[in-house]
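Trainee: Can you keep this structure in mind? I'll have questions shortly.
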Amino acid sequence: MATSHSKNALDKLNKKLDEKQQGALIPFSKFLETLRNDPYPVFRNIFHLFYDFVHYYLPKGVEEYPDDPETINFKDYDCTKLLVEGADHPFFVDRLFANKLVRLTDSLKRGVQQNKVYLFEGPHGSGKSTFLNNLLDKFEEYTNTPKGVAYEVIWKIDKKKLGWSPNKLENIIQDALQIDGCEKKDCPEPPKPGKPLTSNSEYLEVPCPSHDNPILLIPKHHRKEFLEDLIKDTKFKEELFNTKEYEWVFKKEPCTICTSLYQALLDKLSSPAEVFNMLFTRKYSFNKRLGEGISVFNAGDEQQRSDVVTNQAIQNQLAELFGDSNKVRYIYSRYAKTNNGIYALMDIKDSNVHRLKNLHGIISEGVHKVEDLEENVESLFLAVINPEDKEDLEKEKMKAFSDRLEYIRQPYVLDYKTEAEIYKSTFGKQIENHFLPRVLNNFAKVIIASRLNVRSDALVDWLGNTSQYNRYCDENKLLLKMSLYTGVIPQWLSEEHRKSFTANIRRKLILEEAEKEGFKGFSGRETLALFDEFYSAYAKKGQLVNMTNLMKFFNRDELRSKIPRSFIESLKNLYDYNIVQEMKESLYYYNEKKISTEIQNYLFAINFDVSEGTKVKCVYTGENLELTNDFFDTIEIRILGAHTGSSARKAFREYTQKEYTSKTLTQEIQIEGKKITETMLYKNLFGKYVYNLKENVLDPLIENLNFRNSIKDYGTKAFDTYDKKIKGDVEYLINNLTKKFGYTKEGASQVCVYIIDNHLAKKFS
Ligand SMILES: [Zn+2]
């Protein structure tokens with residue numbers, strides 16, 4: 001503990017020292033040298049910086065269905081670093097929204113849609129303000145890392161070079177004092193406000209309030225040639241000169257202050273080189289609290305009467321140096337503070353409605369009037385909004401503006417894994433230990449069902465009105481939809497439907513229909529209260545929360561009315577189906593070598609006529625085979641299942657023999673040089689064999705009362721009294737359930753007894 005404390009303290013101190021460092025002035029010539037060697041970080045406008053920021057904290061997404069030709073390139077992004085880690089109120093993004101966010105940042109960087117306000121529209125309790133707050137905090141943190149560095153202009157004027165001398169200063173003070181009616185040289189009265197003493201320092205620092213990128217100080221018509229000569233990296237130059245995202249580099253002008261100051265200095269010094277000697281750069285210090293680079297306005301924040309800002313001390317000195325207070329007017333608006341930064345509005349109501357409207361000119365023209373000067377403003381404008389406030393906004397006649405407002409729907413979480421993550425984050429990771437596997441996720445699925453639209457045209461287009469999944473899916477196929485929203489194609493989906501799940505269907509389902517969901521049902525806040533109640537009621541010592549508890553909990557009118565009809569019953573069916581599969585998977589074992597030998601012998605033997613007693617030697621295994629009807633029947637029953645009749649088996653044998661001679665032997669083995677065990681036909685038979693083995697593994701055991709009782713007695717003294725074979729099976733079963741499916745030993749035995757007592761194996765056979 002102590003070391004982590006001292007490390008924290010040290011980290012903090014280092015951060016503070018770094019901040020100081022940020023203020024260090026870098027001469028323009030040195031800045032150019034840095035740029036020459038590593039141009040990338042310098043040429044980032046706010047959209048580009050934002051893109052880099054998001055991708056810095058977002059590890060590369062994992063392709064949801066690799067090698068699937070119908071993929072729509074949805075990825076599984078881990079947003080922990082971006083919105084959870086280090087946040088006071090972690091925010092969890094589901095995969096649908098994460099993909100939307102990534103697409104947005106990508107399009108911003110490409111420079112397609114920059115003149116807009118992006119409004120995150122979400123229902124009450126969806127946590128959209130938390131989302132934006134966390135995002136902005138993280139953005140500030142990013143800009144303090146070496147990867148997130150941005151540069152801005154600051155002037156450091158050598159006053160002596162402009163003819164200033166300390167003597168002259170005294171004269172000015174005297175002049176000033178005389179104007180104020182004081183004759184004596186050592187007048188004790190302080191100067192009147194509004195006429196502060198000009199500084200006695202030899203240098204005057206003039207920061208650019210617009211945080212101009214220093215590169216803009218290279219006169220526009222020389223920039224291209226200059227950068228062509230300066231930058232070494234030809235690949236970077238190629239992009240810089242030819243892509244839309246870098247257009248700004250050759251289009252933008254510095255702010256009015258920098259422009260006029262540059263001109264005024266040039267007039268006095270008559271040498272651009274001398275002017276550039278007074279030009280410095282420093283790290284752009286983003287600070288949300290100070291409103292530098294990131295400004296956040298709440299709806300209740302009062303509006304300032306005037307948005308014109310000046311700095312009298314700097315203004316006076318500039319007037320003194322240039323002998324004219326109009327030559328360089330140190331005046332700007334508060335929008336300048338977020339030029340090349342982020343301007344955010346939390347909730348579009350009260351004062352923020354006006355703030356939003358005031359953005360109209362800036363967004364459509366990129367320019368804002370400050371008295372008679374035109375100020376260029378380029379910011380990333382973000383906001384959050386409720387659906388009702390959006391309606392109000394649309395009622396007002398804002399036609400010209402409305403195409404500048406881009407809504408990004410931010411619904412309640414629609415992906416059950418993320419939903420379950422929220423419970424774990426809120427109530428602690430240990431809650432999981434109090435649930436049987438799958439039950440916690442099932443709670444999340446009930447909540448999500450309340451948020452989904454029951455009707456889906458995409459699903460109907462895809463599956464028709466099939467009833468083939470009724471044993472484990474609800475009539476509206478919400479369970480299927482949920483699984484797909486989480487990025488999983490369920491195992492029980494038929495091969496045929498898997499193939500017809502085309503990119504078109506996916507786009508319609510995941511991009512179009514999901515866009516309209518998640519604005520009703522249990523809110524995030526309501527859900528946490530419900531979960532708390534559920535957890536306190538059922539997570540007792542020595543007892544694992546099960547599906548029966550879940551069903552009982554939701555069996556209340558006020559909750560049921562929000563959940564689609566018969567959804568919970570279907571959820572239980574799917575659960576039953578899944579645990580039976582788990583039990584089968586855990587109980588069966590196969591001897592791969594034995595199966596392999598049998599199949600190779602079979603593939604060889606089918607090429608001979610069966611006449612009792614024929615003996616052949618298999619070329620693949622070297623075994624001597626006696627070809628009897630029994631020989632074929634035994635293997636075919638294992639491959640096809642016991643229910644297959646003799647005519648079906650005969651047809652299968654003929655088909656297999658044809659396949660073997662026409663493809664397996666002549667094509668794959670003789671031409672492609674494959675081994676028999678590498679051929680399609682072999683693999684196909686092997687898969688069928690194993691599948692049937694697994695399907696039927698429970699049959700000999702499930703009706704055996706001793707088997708049931710021994711599971712129940714597992715872990716007690718009574719268990720020792722059962723016979724060796726049963727004990728072996730049960731131990732194997734329980735071990736696999738814990739290893740493969742995350743059960744505790746108690747949980748595993750509980751779930752097996754439940755399967756046996758409810759005859760679930762039969763239900764799904
Ligand atoms: Zn400037």
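Scheme for the structure tokens: letters A, B, ... for chains in order shown; per-chain residue numbers from 1; ligand numbers from 1 in order shown.
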How close does each residue of chain A get to ligand 1, giving the shortest atom pair and distance in Å to one decimal for every residue with an atom at most 9 Å away, counting only C-alpha atoms and all ligand atoms, sorted by chain and residue number, as JSON lines?
Mentor:
```
{"residue": "A:Glu152", "atom": "CA", "partner": "ligand 1", "partner_atom_place_in_ligand_line": "1 (Zn)", "distance": 8.3}
{"residue": "A:Val153", "atom": "CA", "partner": "ligand 1", "partner_atom_place_in_ligand_line": "1 (Zn)", "distance": 6.4}
{"residue": "A:Ile154", "atom": "CA", "partner": "ligand 1", "partner_atom_place_in_ligand_line": "1 (Zn)", "distance": 8.0}
{"residue": "A:Pro207", "atom": "CA", "partner": "ligand 1", "partner_atom_place_in_ligand_line": "1 (Zn)", "distance": 7.7}
{"residue": "A:Cys208", "atom": "CA", "partner": "ligand 1", "partner_atom_place_in_ligand_line": "1 (Zn)", "distance": 4.2}
{"residue": "A:Pro209", "atom": "CA", "partner": "ligand 1", "partner_atom_place_in_ligand_line": "1 (Zn)", "distance": 6.3}
{"residue": "A:Ser210", "atom": "CA", "partner": "ligand 1", "partner_atom_place_in_ligand_line": "1 (Zn)", "distance": 5.3}
{"residue": "A:His211", "atom": "CA", "partner": "ligand 1", "partner_atom_place_in_ligand_line": "1 (Zn)", "distance": 6.2}
{"residue": "A:Asp212", "atom": "CA", "partner": "ligand 1", "partner_atom_place_in_ligand_line": "1 (Zn)", "distance": 4.8}
{"residue": "A:Asn213", "atom": "CA", "partner": "ligand 1", "partner_atom_place_in_ligand_line": "1 (Zn)", "distance": 8.1}
{"residue": "A:Pro214", "atom": "CA", "partner": "ligand 1", "partner_atom_place_in_ligand_line": "1 (Zn)", "distance": 8.4}
{"residue": "A:Leu216", "atom": "CA", "partner": "ligand 1", "partner_atom_place_in_ligand_line": "1 (Zn)", "distance": 8.8}
{"residue": "A:Leu217", "atom": "CA", "partner": "ligand 1", "partner_atom_place_in_ligand_line": "1 (Zn)", "distance": 8.5}
{"residue": "A:Glu253", "atom": "CA", "partner": "ligand 1", "partner_atom_place_in_ligand_line": "1 (Zn)", "distance": 9.0}
{"residue": "A:Pro254", "atom": "CA", "partner": "ligand 1", "partner_atom_place_in_ligand_line": "1 (Zn)", "distance": 5.3}
{"residue": "A:Cys255", "atom": "CA", "partner": "ligand 1", "partner_atom_place_in_ligand_line": "1 (Zn)", "distance": 4.2}
{"residue": "A:Thr256", "atom": "CA", "partner": "ligand 1", "partner_atom_place_in_ligand_line": "1 (Zn)", "distance": 6.6}
{"residue": "A:Ile257", "atom": "CA", "partner": "ligand 1", "partner_atom_place_in_ligand_line": "1 (Zn)", "distance": 5.5}
{"residue": "A:Cys258", "atom": "CA", "partner": "ligand 1", "partner_atom_place_in_ligand_line": "1 (Zn)", "distance": 4.2}
{"residue": "A:Thr259", "atom": "CA", "partner": "ligand 1", "partner_atom_place_in_ligand_line": "1 (Zn)", "distance": 7.1}
```
Trainee: Quick one: everything within 9 Å of Glu365 (chain A), counting only C-alpha atoms, minus sequence neighbours fewer than 4 positions away in the same chain. Send it as an mmCIF file with C-alpha atoms, in the first residue's frame.
Mentor:
```cif
data_model
loop_
_atom_site.group_PDB
_atom_site.id
_atom_site.type_symbol
_atom_site.label_atom_id
_atom_site.label_comp_id
_atom_site.auth_asym_id
_atom_site.auth_seq_id
_atom_site.Cartn_x
_atom_site.Cartn_y
_atom_site.Cartn_z
ATOM 1 C CA ASN A 115 -19.035 21.815 -39.822
ATOM 2 C CA HIS A 360 -25.015 28.811 -36.099
ATOM 3 C CA GLY A 361 -22.803 31.464 -37.671
ATOM 4 C CA ASN A 376 -11.921 32.171 -37.252
#
```
Trainee: Return as a tab-separated table the residues of region 697-718 of chain A lying at most 12 Å from region 587-595 of chain A, together with the closest atom-to-atom pair for each and the distance in Å to one decimal, counting only C-alpha atoms, with rows in chain order and ascending residue number.
Mentor:
```
residue	atom	partner	partner_atom	distance
A:Val697	CA	A:Tyr588	CA	5.8
A:Leu698	CA	A:Leu587	CA	7.8
A:Asp699	CA	A:Tyr588	CA	11.2
A:Pro700	CA	A:Tyr588	CA	11.7
A:Leu701	CA	A:Leu587	CA	10.2
A:Ile702	CA	A:Leu587	CA	11.5
```
Trainee: For the residues in the current selection, export C-alpha atoms as a compact mmCIF listing (two decimals), in the first residue's frame.
Mentor:
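Final output, saved to part_35.txt:
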```
# COMPACT_ATOMS: atom_id res chain seq x y z
CA VAL A 697 -24.08 -39.95 -24.18
CA LEU A 698 -26.74 -39.33 -21.56
CA ASP A 699 -29.07 -42.12 -22.67
CA PRO A 700 -27.61 -45.00 -20.69
CA LEU A 701 -27.22 -42.89 -17.53
CA ILE A 702 -30.13 -40.55 -17.28
```
Trainee: Could you name the residues that touch region 65-69 of chain A at 12 Å or less, counting only C-alpha atoms, but leaving out those on the same chain fewer than 6 positions away, as a PyMOL selection string?
Mentor: chain A and resi 75-76+484+486-489+498-504+506
Trainee: Could you please determine the separation between CA of Glu746 (chain A) and CA of Thr716 (chain A) in Å, to one decimal place?
Mentor: 11.0 Å
Trainee: Within 12 Å of Asn45 (chain A), counting only C-alpha atoms, which residues qualify if same-chain residues fewer than 6 places away don't, as a PyMOL selection string?
Mentor: chain A and resi 51-52+108-111+114+148-152+211-216+245-249+252+339-342+377-380
Trainee: Which of these, A:Ile348, A:Val730, A:Met583, A:Ile314, has the shortest distance to Ser129 (chain A) once you count only C-alpha atoms?
Mentor: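 The shortest atom-to-atom distance to Ser129 (chain A) comes from A:Ile348.
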Trainee: Have a look at CA of Phe741 (chain A) and CA of Pro437 (chain A) and let me know their distance in Å, one decimal.
Mentor: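 Rounded to one decimal, the two atoms are 7.5 Å apart.
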Trainee: Would you mind writing down, as a PyMOL selection string, each residue of region 29-156 of chain A that DSSP on the backbone assigns to helix (DSSP H, G or I)?
Mentor: chain A and resi 29-37+46-57+80-84+95-110+128-143+146-148
Trainee: So how many Å separate CA of Ile637 (chain A) and CA of Asp757 (chain A), to one decimal?
Mentor: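 Between CA of Ile637 (chain A) and CA of Asp757 (chain A) the gap is 29.2 Å.
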Trainee: Between A:Ala87, A:Leu58, A:Cys752, A:Ala537, which has the minimum distance to Asn549 (chain A) (counting only C-alpha atoms)?
Mentor: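 Between A:Ala87, A:Leu58, A:Cys752, A:Ala537, the residue approaching Asn549 (chain A) most closely is A:Ala537.
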